[in-house]
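Undergrad: Here you go, upload_31.cif (mmCIF, C-alpha atoms):
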```cif
data_final
#
loop_
_atom_site.label_atom_id
_atom_site.label_comp_id
_atom_site.auth_asym_id
_atom_site.auth_seq_id
_atom_site.Cartn_x
_atom_site.Cartn_y
_atom_site.Cartn_z
CA MET A 1 -20.57 -25.42 -16.73
CA GLU A 2 -21.56 -27.32 -19.85
CA HIS A 3 -21.39 -25.47 -23.20
CA ILE A 4 -18.07 -23.82 -22.24
CA THR A 5 -15.91 -23.70 -25.38
CA LEU A 6 -12.12 -23.84 -25.51
CA LEU A 7 -11.88 -20.09 -26.03
CA LEU A 8 -14.20 -19.42 -23.08
CA ALA A 9 -12.15 -21.76 -20.90
CA ILE A 10 -8.98 -19.88 -21.90
CA VAL A 11 -10.66 -16.59 -20.95
CA VAL A 12 -11.75 -17.95 -17.56
CA VAL A 13 -8.22 -19.19 -16.81
CA THR A 14 -6.73 -15.86 -17.93
CA ALA A 15 -9.17 -14.02 -15.68
CA LEU A 16 -8.05 -16.12 -12.72
CA VAL A 17 -4.41 -15.34 -13.61
CA PHE A 18 -5.32 -11.66 -13.48
CA ASP A 19 -6.97 -12.26 -10.12
CA PHE A 20 -3.76 -13.90 -8.94
CA THR A 21 -1.67 -10.88 -10.03
CA ASN A 22 -4.24 -8.61 -8.39
CA GLY A 23 -3.65 -10.48 -5.14
CA PHE A 24 0.12 -10.08 -4.96
CA HIS A 25 -0.03 -6.61 -6.50
CA ASP A 26 -2.41 -5.38 -3.81
CA THR A 27 -1.09 -7.22 -0.73
CA ALA A 28 0.62 -3.95 0.15
CA ASN A 29 -2.75 -2.25 0.56
CA ALA A 30 -3.52 -4.24 3.68
CA MET A 31 -0.18 -5.25 5.12
CA ALA A 32 2.53 -2.75 4.10
CA THR A 33 2.13 -0.52 7.16
CA THR A 34 1.74 -3.50 9.49
CA ILE A 35 4.98 -5.01 8.21
CA SER A 36 6.93 -1.73 8.16
CA THR A 37 6.06 -0.88 11.77
CA GLY A 38 6.86 -4.41 12.98
CA ALA A 39 3.34 -5.16 14.18
CA LEU A 40 3.45 -8.48 12.32
CA LYS A 41 6.19 -10.54 10.72
CA PRO A 42 6.04 -10.43 6.91
CA LYS A 43 5.02 -14.05 6.32
CA THR A 44 2.41 -13.97 9.10
CA ALA A 45 0.95 -10.76 7.69
CA VAL A 46 0.49 -12.05 4.13
CA ALA A 47 -0.98 -15.35 5.38
CA MET A 48 -3.54 -13.48 7.48
CA SER A 49 -4.37 -11.20 4.55
CA ALA A 50 -4.84 -14.18 2.21
CA VAL A 51 -7.37 -15.86 4.50
CA LEU A 52 -9.38 -12.68 4.97
CA ASN A 53 -9.32 -11.93 1.24
CA LEU A 54 -10.88 -15.32 0.66
CA ILE A 55 -13.59 -14.69 3.25
CA GLY A 56 -14.32 -11.23 1.85
CA ALA A 57 -14.95 -12.65 -1.61
CA PHE A 58 -18.17 -14.25 -0.34
CA LEU A 59 -19.66 -11.17 1.34
CA SER A 60 -21.06 -9.23 -1.62
CA VAL A 61 -21.59 -9.27 -5.39
CA GLU A 62 -22.53 -5.61 -5.95
CA VAL A 63 -19.19 -4.66 -7.54
CA ALA A 64 -19.27 -7.79 -9.71
CA LYS A 65 -22.66 -6.74 -11.10
CA THR A 66 -21.30 -3.25 -11.84
CA ILE A 67 -18.56 -4.74 -14.00
CA SER A 68 -20.53 -7.52 -15.67
CA GLY A 69 -23.48 -5.35 -16.61
CA GLY A 70 -22.50 -1.72 -16.21
CA ILE A 71 -19.27 -0.57 -17.86
CA VAL A 72 -19.79 -2.13 -21.29
CA ASN A 73 -22.89 -3.23 -23.17
CA GLU A 74 -23.19 -7.01 -23.01
CA ASN A 75 -25.24 -7.36 -26.19
CA GLY A 76 -23.08 -8.24 -29.17
CA LEU A 77 -19.86 -8.37 -27.12
CA ARG A 78 -17.48 -11.11 -28.25
CA THR A 79 -15.63 -13.42 -25.87
CA GLU A 80 -12.35 -12.46 -27.54
CA VAL A 81 -12.85 -8.91 -26.23
CA ILE A 82 -12.66 -10.16 -22.64
CA PHE A 83 -9.46 -12.04 -23.41
CA ALA A 84 -7.87 -8.95 -24.96
CA ALA A 85 -8.91 -6.83 -21.97
CA LEU A 86 -7.28 -9.26 -19.55
CA VAL A 87 -4.04 -9.24 -21.55
CA GLY A 88 -3.79 -5.46 -21.16
CA ALA A 89 -4.59 -5.61 -17.43
CA ILE A 90 -2.14 -8.41 -16.61
CA LEU A 91 0.82 -6.89 -18.47
CA TRP A 92 0.28 -3.49 -16.83
CA ASN A 93 -0.02 -5.10 -13.40
CA LEU A 94 3.26 -6.96 -13.87
CA LEU A 95 5.08 -3.92 -15.23
CA THR A 96 4.11 -1.68 -12.31
CA TRP A 97 4.94 -4.50 -9.87
CA LEU A 98 8.41 -4.73 -11.41
CA VAL A 99 9.13 -1.06 -10.68
CA GLY A 100 7.43 -1.22 -7.26
CA LEU A 101 4.63 1.24 -7.99
CA PRO A 102 1.25 0.68 -6.31
CA SER A 103 -0.89 1.30 -9.37
CA SER A 104 -4.53 0.29 -9.57
CA SER A 105 -5.30 -3.27 -10.66
CA SER A 106 -8.93 -2.20 -10.93
CA HIS A 107 -8.18 0.59 -13.39
CA ALA A 108 -5.90 -1.73 -15.35
CA LEU A 109 -8.85 -4.08 -15.78
CA PHE A 110 -11.24 -1.27 -16.67
CA GLY A 111 -8.76 0.26 -19.11
CA GLY A 112 -8.16 -3.05 -20.85
CA LEU A 113 -11.90 -3.71 -21.05
CA ILE A 114 -12.71 -0.26 -22.42
CA GLY A 115 -9.88 -0.34 -24.98
CA ALA A 116 -10.81 -3.81 -26.23
CA ALA A 117 -14.54 -2.99 -26.40
CA VAL A 118 -13.92 0.22 -28.35
CA MET A 119 -11.66 -1.62 -30.82
CA SER A 120 -14.32 -4.30 -31.24
CA ALA A 121 -17.57 -2.33 -31.43
CA GLY A 122 -16.76 1.39 -31.18
CA TRP A 123 -17.45 3.93 -28.46
CA SER A 124 -21.17 3.07 -28.42
CA SER A 125 -20.27 -0.14 -26.58
CA ILE A 126 -19.19 1.85 -23.49
CA ASN A 127 -21.66 3.09 -20.87
CA GLY A 128 -20.07 6.48 -20.32
CA GLY A 129 -22.31 7.43 -17.40
CA THR A 130 -21.36 4.31 -15.44
CA VAL A 131 -17.66 4.85 -16.15
CA VAL A 132 -17.83 8.42 -14.84
CA THR A 133 -20.00 7.87 -11.78
CA LYS A 134 -18.73 4.47 -10.62
CA VAL A 135 -15.12 4.48 -11.80
CA LEU A 136 -13.63 7.93 -12.47
CA LEU A 137 -15.29 9.95 -9.71
CA PRO A 138 -14.53 7.35 -7.00
CA ALA A 139 -10.94 7.23 -8.29
CA ILE A 140 -10.57 10.94 -7.54
CA ALA A 141 -12.61 11.02 -4.35
CA ALA A 142 -11.36 7.84 -2.64
CA PRO A 143 -7.69 8.80 -2.05
CA LEU A 144 -8.69 12.32 -1.01
CA VAL A 145 -11.33 11.15 1.46
CA ALA A 146 -9.11 8.37 2.86
CA GLY A 147 -6.12 10.71 3.09
CA LEU A 148 -8.05 13.45 4.88
CA ALA A 149 -9.61 10.95 7.28
CA ALA A 150 -6.21 9.40 8.05
CA MET A 151 -4.58 12.79 8.61
CA LEU A 152 -7.31 13.90 11.03
CA ALA A 153 -7.28 10.54 12.82
CA THR A 154 -3.49 10.69 13.20
CA ARG A 155 -3.59 14.21 14.64
CA LEU A 156 -6.36 13.24 17.03
CA THR A 157 -4.41 10.16 18.13
CA TYR A 158 -1.27 12.11 18.95
CA ARG A 159 -3.26 14.87 20.63
CA ILE A 160 -4.97 12.37 22.93
CA ASN A 161 -1.62 10.93 23.99
CA ARG A 162 0.39 14.17 24.11
CA ASN A 163 0.48 14.24 27.94
CA VAL A 164 1.46 10.59 28.40
CA THR A 165 5.02 10.52 29.78
CA ASP A 166 5.16 7.45 32.01
CA PRO A 167 7.42 4.82 30.32
CA ASN A 168 5.18 1.90 31.30
CA GLN A 169 2.10 3.68 30.04
CA LEU A 170 3.85 4.58 26.80
CA LYS A 171 4.85 0.95 26.32
CA SER A 172 1.30 -0.21 27.01
CA THR A 173 -0.09 2.38 24.56
CA ALA A 174 2.32 1.24 21.85
CA LYS A 175 1.19 -2.37 22.31
CA GLY A 176 -2.41 -1.27 22.07
CA TYR A 177 -1.79 0.54 18.79
CA ARG A 178 0.02 -2.48 17.38
CA ALA A 179 -2.96 -4.68 18.26
CA GLY A 180 -5.30 -2.12 16.72
CA GLN A 181 -3.13 -1.99 13.64
CA ILE A 182 -3.36 -5.77 13.22
CA ALA A 183 -7.14 -5.60 13.56
CA SER A 184 -7.43 -2.73 11.07
CA ALA A 185 -5.12 -4.55 8.63
CA GLY A 186 -7.46 -7.51 8.81
CA LEU A 187 -10.37 -5.21 8.09
CA VAL A 188 -8.58 -3.84 5.00
CA SER A 189 -7.91 -7.40 3.80
CA LEU A 190 -11.57 -8.27 4.26
CA ALA A 191 -12.58 -5.12 2.40
CA HIS A 192 -10.13 -5.92 -0.37
CA GLY A 193 -11.75 -9.31 -0.82
CA THR A 194 -15.21 -7.77 -1.03
CA ASN A 195 -14.08 -5.26 -3.66
CA ASP A 196 -11.23 -6.64 -5.76
CA ALA A 197 -12.13 -10.33 -5.86
CA GLN A 198 -15.51 -9.29 -7.22
CA LYS A 199 -13.90 -7.60 -10.20
CA THR A 200 -12.67 -10.94 -11.46
CA MET A 201 -16.06 -12.48 -10.69
CA GLY A 202 -17.62 -9.74 -12.80
CA ILE A 203 -15.25 -10.23 -15.73
CA ILE A 204 -15.77 -14.03 -15.73
CA THR A 205 -19.54 -13.53 -15.52
CA LEU A 206 -19.32 -11.12 -18.46
CA ALA A 207 -17.37 -13.72 -20.43
CA LEU A 208 -19.99 -16.36 -19.64
CA VAL A 209 -22.72 -13.99 -20.84
CA THR A 210 -20.89 -13.29 -24.11
CA GLY A 211 -20.40 -17.06 -24.57
CA GLY A 212 -24.11 -17.73 -24.12
CA VAL A 213 -23.66 -19.72 -20.89
CA LEU A 214 -25.47 -17.16 -18.70
CA ALA A 215 -28.29 -14.75 -19.40
CA PRO A 216 -27.50 -11.00 -19.33
CA GLY A 217 -27.81 -9.55 -15.84
CA SER A 218 -27.07 -12.84 -14.07
CA ASN A 219 -25.24 -12.97 -10.74
CA PRO A 220 -21.88 -14.79 -10.60
CA PRO A 221 -22.32 -18.58 -10.14
CA MET A 222 -20.93 -20.10 -6.96
CA TRP A 223 -17.99 -21.76 -8.74
CA VAL A 224 -16.97 -18.36 -10.08
CA ILE A 225 -17.07 -16.84 -6.58
CA VAL A 226 -15.03 -19.71 -5.10
CA SER A 227 -12.39 -19.75 -7.83
CA ALA A 228 -11.96 -15.97 -7.79
CA GLY A 229 -11.61 -15.96 -4.01
CA VAL A 230 -9.01 -18.75 -4.05
CA ALA A 231 -6.98 -17.11 -6.84
CA ILE A 232 -6.73 -13.73 -5.12
CA ALA A 233 -5.92 -15.40 -1.80
CA LEU A 234 -3.05 -17.37 -3.35
CA GLY A 235 -1.67 -14.23 -4.97
CA THR A 236 -1.94 -12.38 -1.69
CA TYR A 237 -0.01 -15.08 0.16
CA LEU A 238 2.91 -14.82 -2.27
CA GLY A 239 3.16 -11.14 -1.37
CA GLY A 240 4.04 -8.32 -3.77
CA TRP A 241 7.14 -7.47 -1.76
CA ARG A 242 8.33 -4.71 -4.09
CA ILE A 243 5.12 -2.74 -3.65
CA ILE A 244 4.99 -3.53 0.07
CA ARG A 245 8.40 -1.85 0.39
CA THR A 246 7.20 1.26 -1.44
CA MET A 247 3.97 1.53 0.55
CA GLY A 248 5.57 0.70 3.89
CA SER A 249 8.67 2.90 3.84
CA GLY A 250 8.91 4.53 0.42
CA LEU A 251 6.10 7.05 0.86
CA THR A 252 6.65 8.04 4.49
CA ASP A 253 8.00 6.75 7.80
CA LEU A 254 5.10 5.35 9.80
CA LYS A 255 4.69 4.74 13.51
CA PRO A 256 2.06 2.31 14.89
CA PRO A 257 -0.50 5.08 15.64
CA GLN A 258 -0.19 6.30 12.04
CA GLY A 259 -0.52 2.79 10.66
CA PHE A 260 -3.65 2.23 12.69
CA ALA A 261 -5.18 5.52 11.51
CA ALA A 262 -4.29 4.87 7.86
CA GLN A 263 -5.66 1.35 7.71
CA THR A 264 -8.86 2.14 9.58
CA SER A 265 -9.58 5.10 7.28
CA ALA A 266 -8.89 3.09 4.13
CA ALA A 267 -11.00 0.13 5.26
CA THR A 268 -13.95 2.42 6.01
CA VAL A 269 -13.81 3.98 2.55
CA ILE A 270 -13.44 0.62 0.77
CA LEU A 271 -16.27 -1.11 2.65
CA ALA A 272 -18.62 1.83 2.11
CA SER A 273 -17.87 1.88 -1.63
CA SER A 274 -18.35 -1.89 -1.94
CA HIS A 275 -21.76 -1.58 -0.32
CA LEU A 276 -22.72 1.13 -2.83
CA GLY A 277 -21.34 -0.80 -5.81
CA PHE A 278 -18.55 1.70 -6.50
CA SER A 279 -15.66 -0.19 -8.02
CA LEU A 280 -12.92 2.03 -6.65
CA SER A 281 -9.22 1.30 -6.45
CA THR A 282 -8.19 -0.12 -3.08
CA THR A 283 -4.62 0.84 -3.99
CA GLN A 284 -5.50 4.50 -4.34
CA SER A 285 -7.54 4.48 -1.14
CA CYS A 286 -4.73 2.90 0.90
CA SER A 287 -2.01 5.04 -0.69
CA GLY A 288 -3.98 8.19 0.05
CA ALA A 289 -4.48 7.06 3.64
CA VAL A 290 -0.75 6.39 4.08
CA MET A 291 0.13 9.86 2.80
CA GLY A 292 -2.52 11.43 5.02
CA ALA A 293 -1.12 9.61 8.04
CA GLY A 294 2.37 10.82 7.14
CA LEU A 295 1.19 14.42 7.04
CA GLY A 296 -0.83 14.04 10.24
CA ARG A 297 2.15 13.44 12.55
CA LYS A 298 4.13 16.47 13.65
CA GLY A 299 7.49 16.24 11.96
CA GLY A 300 6.20 13.56 9.57
CA VAL A 301 7.13 13.80 5.92
CA VAL A 302 5.89 12.44 2.62
CA ARG A 303 8.49 11.56 0.01
CA TRP A 304 6.94 13.49 -2.82
CA SER A 305 9.30 12.13 -5.48
CA THR A 306 7.92 8.64 -4.83
CA ALA A 307 4.38 10.01 -4.56
CA THR A 308 4.78 11.82 -7.89
CA ARG A 309 5.87 8.65 -9.68
CA MET A 310 2.87 6.92 -8.13
CA PHE A 311 0.48 9.65 -9.30
CA VAL A 312 1.89 9.38 -12.83
CA ALA A 313 1.33 5.61 -12.76
CA TRP A 314 -2.26 6.18 -11.63
CA GLY A 315 -2.88 8.56 -14.51
CA LEU A 316 -1.32 6.24 -17.08
CA THR A 317 -3.05 3.06 -15.95
CA LEU A 318 -6.39 3.46 -17.73
CA PRO A 319 -5.00 4.68 -21.09
CA ALA A 320 -1.96 2.35 -21.09
CA ALA A 321 -3.97 -0.78 -20.31
CA GLY A 322 -6.58 0.44 -22.79
CA LEU A 323 -4.04 0.72 -25.58
CA VAL A 324 -2.67 -2.76 -24.89
CA GLY A 325 -6.20 -4.13 -24.71
CA ALA A 326 -7.10 -2.45 -28.00
CA GLY A 327 -3.96 -3.86 -29.65
CA ALA A 328 -4.72 -7.32 -28.33
CA GLU A 329 -8.29 -7.07 -29.61
CA PHE A 330 -7.01 -6.02 -33.04
CA LEU A 331 -5.04 -9.27 -33.14
CA THR A 332 -7.84 -11.49 -31.84
CA LYS A 333 -10.16 -10.16 -34.56
CA GLN A 334 -7.89 -11.74 -37.15
CA GLY A 335 -9.00 -15.22 -36.16
CA PRO A 336 -7.42 -18.21 -34.41
CA TRP A 337 -3.87 -17.23 -35.36
CA GLY A 338 -4.41 -13.77 -33.87
CA ILE A 339 -5.63 -15.29 -30.60
CA ALA A 340 -2.58 -17.55 -30.55
CA VAL A 341 -0.22 -14.60 -31.14
CA THR A 342 -1.93 -12.64 -28.36
CA ALA A 343 -1.50 -15.56 -25.96
CA ILE A 344 2.20 -15.84 -26.91
CA ILE A 345 2.68 -12.11 -26.28
CA LEU A 346 1.04 -12.45 -22.86
CA VAL A 347 3.16 -15.43 -21.81
CA GLY A 348 6.38 -14.05 -23.29
CA GLY A 349 5.90 -10.58 -21.81
CA SER A 350 5.09 -12.00 -18.39
CA PHE A 351 8.17 -14.23 -18.45
CA ALA A 352 10.42 -11.34 -19.53
CA ILE A 353 9.15 -9.16 -16.66
CA TRP A 354 9.72 -12.00 -14.20
CA LEU A 355 13.31 -12.46 -15.44
CA ALA A 356 13.92 -8.73 -15.02
CA SER A 357 12.66 -8.90 -11.43
CA ARG A 358 15.25 -11.55 -10.57
CA ARG A 359 18.10 -9.07 -11.07
CA GLN A 360 17.23 -7.32 -7.81
CA PRO A 361 14.92 -9.66 -5.90
CA VAL A 362 12.78 -8.34 -3.06
CA ASP A 363 11.21 -10.79 -0.60
CA HIS A 364 10.21 -11.09 3.05
CA THR A 365 13.88 -11.01 4.14
CA ASN A 366 14.64 -7.53 2.79
CA VAL A 367 11.22 -5.92 2.40
CA ASN A 368 11.86 -3.48 5.25
CA ASP A 369 15.14 -2.19 3.83
CA THR A 370 14.91 1.56 3.44
CA ALA A 371 13.46 2.48 0.09
CA ALA A 372 14.29 6.16 0.43
CA ALA A 373 17.99 5.46 -0.02
CA ASP A 374 17.26 4.01 -3.45
CA GLU A 375 15.36 7.10 -4.61
CA PRO A 376 17.00 9.09 -7.39
CA GLN A 377 17.97 12.63 -6.44
CA GLY A 378 15.77 15.43 -7.66
CA VAL A 379 16.99 18.21 -9.96
CA VAL A 380 17.37 20.73 -7.13
CA THR A 381 19.27 18.31 -4.91
CA THR A 382 21.64 17.39 -7.72
CA ALA A 383 22.27 21.03 -8.60
CA MET A 384 22.98 21.98 -4.99
CA ALA A 385 25.41 19.09 -4.61
CA ALA A 386 27.30 20.26 -7.72
CA VAL A 387 27.98 23.72 -6.29
CA GLN A 388 31.31 23.92 -4.43
CA THR A 389 31.14 25.83 -1.17
CA PRO A 390 33.91 28.46 -0.94
CA PRO A 391 36.56 27.74 1.70
CA ILE A 392 36.00 29.27 5.10
CA GLY A 393 38.95 30.78 6.93
CA THR A 394 40.58 34.01 8.17
CA ILE A 395 41.67 36.74 5.81
CA PRO A 396 45.49 37.11 5.72
CA ASN A 397 46.80 40.31 7.27
CA ASP A 398 48.88 41.15 4.21
CA LEU A 399 45.92 41.01 1.86
CA MET A 400 45.26 44.64 0.89
CA THR A 401 43.31 46.07 -2.03
CA THR A 402 43.26 49.65 -3.23
CA ILE A 403 40.14 50.77 -4.97
CA PRO A 404 40.61 54.03 -6.87
CA ALA A 405 37.89 56.59 -6.52
CA PRO A 406 36.23 57.82 -9.70
CA ALA A 407 37.84 60.97 -11.09
CA ALA A 408 35.92 64.16 -10.60
CA SER A 409 34.48 65.75 -13.67
CA PRO A 410 35.78 69.26 -14.41
CA ASP A 411 32.19 70.42 -14.58
CA ASP A 412 31.24 68.87 -11.25
CA THR A 413 32.05 71.66 -8.77
CA ALA A 414 29.80 70.28 -6.01
CA ARG A 415 31.90 67.17 -5.43
CA PRO A 416 35.55 67.45 -4.40
CA SER A 417 38.11 65.04 -5.69
CA ALA A 418 38.33 61.89 -3.58
CA THR A 419 41.60 60.29 -2.60
CA VAL A 420 42.03 56.73 -1.29
#
```
Is it possible to give me this structure as structure tokens?
TA:
Amino acid sequence: MEHITLLLAIVVVTALVFDFTNGFHDTANAMATTISTGALKPKTAVAMSAVLNLIGAFLSVEVAKTISGGIVNENGLRTEVIFAALVGAILWNLLTWLVGLPSSSSHALFGGLIGAAVMSAGWSSINGGTVVTKVLLPAIAAPLVAGLAAMLATRLTYRINRNVTDPNQLKSTAKGYRAGQIASAGLVSLAHGTNDAQKTMGIITLALVTGGVLAPGSNPPMWVIVSAGVAIALGTYLGGWRIIRTMGSGLTDLKPPQGFAAQTSAATVILASSHLGFSLSTTQSCSGAVMGAGLGRKGGVVRWSTATRMFVAWGLTLPAAGLVGAGAEFLTKQGPWGIAVTAIILVGGSFAIWLASRRQPVDHTNVNDTAAADEPQGVVTTAMAAVQTPPIGTIPNDLMTTIPAPAASPDDTARPSATV
């Protein structure tokens, strides 16, 4: 770790702060359904997720290598670019956490990195093929695959148990699904550690390469792996309760069989992508699985107003974080004072978002309060509520109306005059 300059140290610390926000932002991916169905108490769930996130960080480095040597060209990249990218990612993470939207921390990081790199060295600094094949295509495919798998698994689960009527057997089945849900939640947490913790490892490794500490193409050093794993585990333990509420009860109402199906499907997709080096969004995979599980149960519903806001956040994440990253890089190019201003903006913006969150705090004591009641009404619902229904009653006997018949034309001999 010798030869690390002050700027490089600041970048490493900022990367670990991003990893921390990634942890509490994405706790909902693993534990939202487990908490909402009552399979685990909130504090127990986030503690279990934190430990497994830490373990998962040591299982693979394929995603880290994709980030550190795939998305952007390492040659000629300045350390300040990494700092600017992290500023964009952190601020977007905090903003979406404030409004309770499960956006992608991964895409926030990629957007910030792409925006900062383009501002620094132009579009030639981006490996477009890697971005398309290992970022954009998985972003589209992952929620669809996880959602379809969860929907089919949910339907199969209910079909298998459709003839079970004995109360004792039903109770035993419910306990079994709760146990399975806990196990699948643990698998998602492990998968999250193997995928998301590596993103911070990759960004720190990239910073070390730009600072001349590591050679291009190097694997993350052990201290990078340990620090990234600890940071994401600490963030996970704090729990992003706002997003847990949205994922657990804001998208759909889940029963234990649905939770089990959703988490198992999401974990399978995430682990497979980590093995292949696809740096997909665990948020999108888990959100797609939750919606698929909601559609898979007969009578189940998906709250599409919440889902629509979530889709919009997904679409905005890359460009929004990219714009912030590009703006931050524009400042850092001005020299030491620009770096200082960027750091002040990061700290000040983060503090302002935290103050805003204190107005309506969400924690483990109220995380399972119904989120649907807080949803704004749609246009159709509001319009229907504004229409007054006419009074219903009997017609009075003395209410009589005479409607005169049209007068016959003198030339119309075929139709006699009508009298009412």
Undergrad: Would you be able to write out as a PyMOL selection string which residues have an atom within 12 Å of (-7.2, -19.6, -31.7) in the file's coordinates, counting all atoms listed in the file?
TA: chain A and resi 5-8+10-11+79-80+83+331-344
Undergrad: Store the residues picked out above, limited to C-alpha atoms, as an mmCIF file, in the coordinates of the input.
TA:
```cif
data_model
loop_
_atom_site.group_PDB
_atom_site.id
_atom_site.type_symbol
_atom_site.label_atom_id
_atom_site.label_comp_id
_atom_site.auth_asym_id
_atom_site.auth_seq_id
_atom_site.Cartn_x
_atom_site.Cartn_y
_atom_site.Cartn_z
ATOM 1 C CA THR A 5 -15.910 -23.700 -25.380
ATOM 2 C CA LEU A 6 -12.120 -23.840 -25.510
ATOM 3 C CA LEU A 7 -11.880 -20.090 -26.030
ATOM 4 C CA LEU A 8 -14.200 -19.420 -23.080
ATOM 5 C CA ILE A 10 -8.980 -19.880 -21.900
ATOM 6 C CA VAL A 11 -10.660 -16.590 -20.950
ATOM 7 C CA THR A 79 -15.630 -13.420 -25.870
ATOM 8 C CA GLU A 80 -12.350 -12.460 -27.540
ATOM 9 C CA PHE A 83 -9.460 -12.040 -23.410
ATOM 10 C CA LEU A 331 -5.040 -9.270 -33.140
ATOM 11 C CA THR A 332 -7.840 -11.490 -31.840
ATOM 12 C CA LYS A 333 -10.160 -10.160 -34.560
ATOM 13 C CA GLN A 334 -7.890 -11.740 -37.150
ATOM 14 C CA GLY A 335 -9.000 -15.220 -36.160
ATOM 15 C CA PRO A 336 -7.420 -18.210 -34.410
ATOM 16 C CA TRP A 337 -3.870 -17.230 -35.360
ATOM 17 C CA GLY A 338 -4.410 -13.770 -33.870
ATOM 18 C CA ILE A 339 -5.630 -15.290 -30.600
ATOM 19 C CA ALA A 340 -2.580 -17.550 -30.550
ATOM 20 C CA VAL A 341 -0.220 -14.600 -31.140
ATOM 21 C CA THR A 342 -1.930 -12.640 -28.360
ATOM 22 C CA ALA A 343 -1.500 -15.560 -25.960
ATOM 23 C CA ILE A 344 2.200 -15.840 -26.910
#
```
Undergrad: Could you name the residues that touch segment 36-39 of chain A at 9 Å or less, counting all atoms listed in the file, but leaving out those on the same chain fewer than 4 positions away, as number ranges by chain?
TA: A: 31-32, 45, 175, 177-179, 181-182, 244-245, 247-249, 253-256, 259, 367-368
Undergrad: My list of candidates is A:Thr317, A:Thr264, A:Gln258, A:Thr34. Which is closest to Lys298 of chain A when distances are computed with only C-alpha atoms?
TA: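 Looking at the shortest contact to Lys298 of chain A, the residue is A:Gln258.
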Undergrad: On this structure, the PyMOL selection byres ((chain A and resi 252) around 7) would catch which residues? List them as a PDB file with C-alpha atoms, keeping the file's coordinate frame, sorted by chain and number.
TA:
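The file below, part_8.pdb, is the result:
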```
ATOM      1  CA  SER A 249       8.670   2.900   3.840  1.00  0.00           C
ATOM      2  CA  GLY A 250       8.910   4.530   0.420  1.00  0.00           C
ATOM      3  CA  LEU A 251       6.100   7.050   0.860  1.00  0.00           C
ATOM      4  CA  ASP A 253       8.000   6.750   7.800  1.00  0.00           C
ATOM      5  CA  LEU A 254       5.100   5.350   9.800  1.00  0.00           C
ATOM      6  CA  MET A 291       0.130   9.860   2.800  1.00  0.00           C
ATOM      7  CA  GLY A 294       2.370  10.820   7.140  1.00  0.00           C
ATOM      8  CA  VAL A 301       7.130  13.800   5.920  1.00  0.00           C
ATOM      9  CA  VAL A 302       5.890  12.440   2.620  1.00  0.00           C
ATOM     10  CA  ARG A 303       8.490  11.560   0.010  1.00  0.00           C
TER      11      ARG A 303
END
```
Undergrad: Which residues would end up in the selection if the PyMOL selection byres ((chain A and resi 233) around 10) were applied here, given that I need the answer as a ChimeraX atom specification?
TA: /A:19-20,22-24,27,46-55,57,189,193,197,227-232,234-238
Undergrad: Between A:Leu170, A:Leu86, A:Ala321, A:Leu316, single out the one closest to Ala15 of chain A, counting only C-alpha atoms.
TA: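 Nearest to Ala15 of chain A: A:Leu86.
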Undergrad: At a cut-off of 9 Å from (-9.5, -0.1, -23.0) in the coordinates of the file, what residues are picked up using all atoms listed in the file, written as a ChimeraX atom specification?
TA: /A:85,88,108-119,318-326
Undergrad: Point out the residue among A:Trp241, A:Gly186, A:Leu148, A:Gln263 with the least atom-to-atom distance to Lys43 of chain A, counting all atoms listed in the file.
TA: A:Trp241
Undergrad: Mind pulling up the distance from atom CA of Val17 of chain A to atom CA of Ile204 of chain A?
TA: 11.6 Å
Undergrad: Rank nothing, just name the residue among A:Ala146, A:Leu271, A:Leu136, A:Leu208 nearest to Ala9 of chain A, using only C-alpha atoms.
TA: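 Of A:Ala146, A:Leu271, A:Leu136, A:Leu208, the one nearest Ala9 of chain A is A:Leu208, counting only C-alpha atoms.
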Undergrad: What is the distance between atom CA of Cys286 of chain A and atom CA of Thr194 of chain A, in Å to one decimal?
TA: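 Interatomic distance, atom CA of Cys286 of chain A to atom CA of Thr194 of chain A: 15.1 Å.
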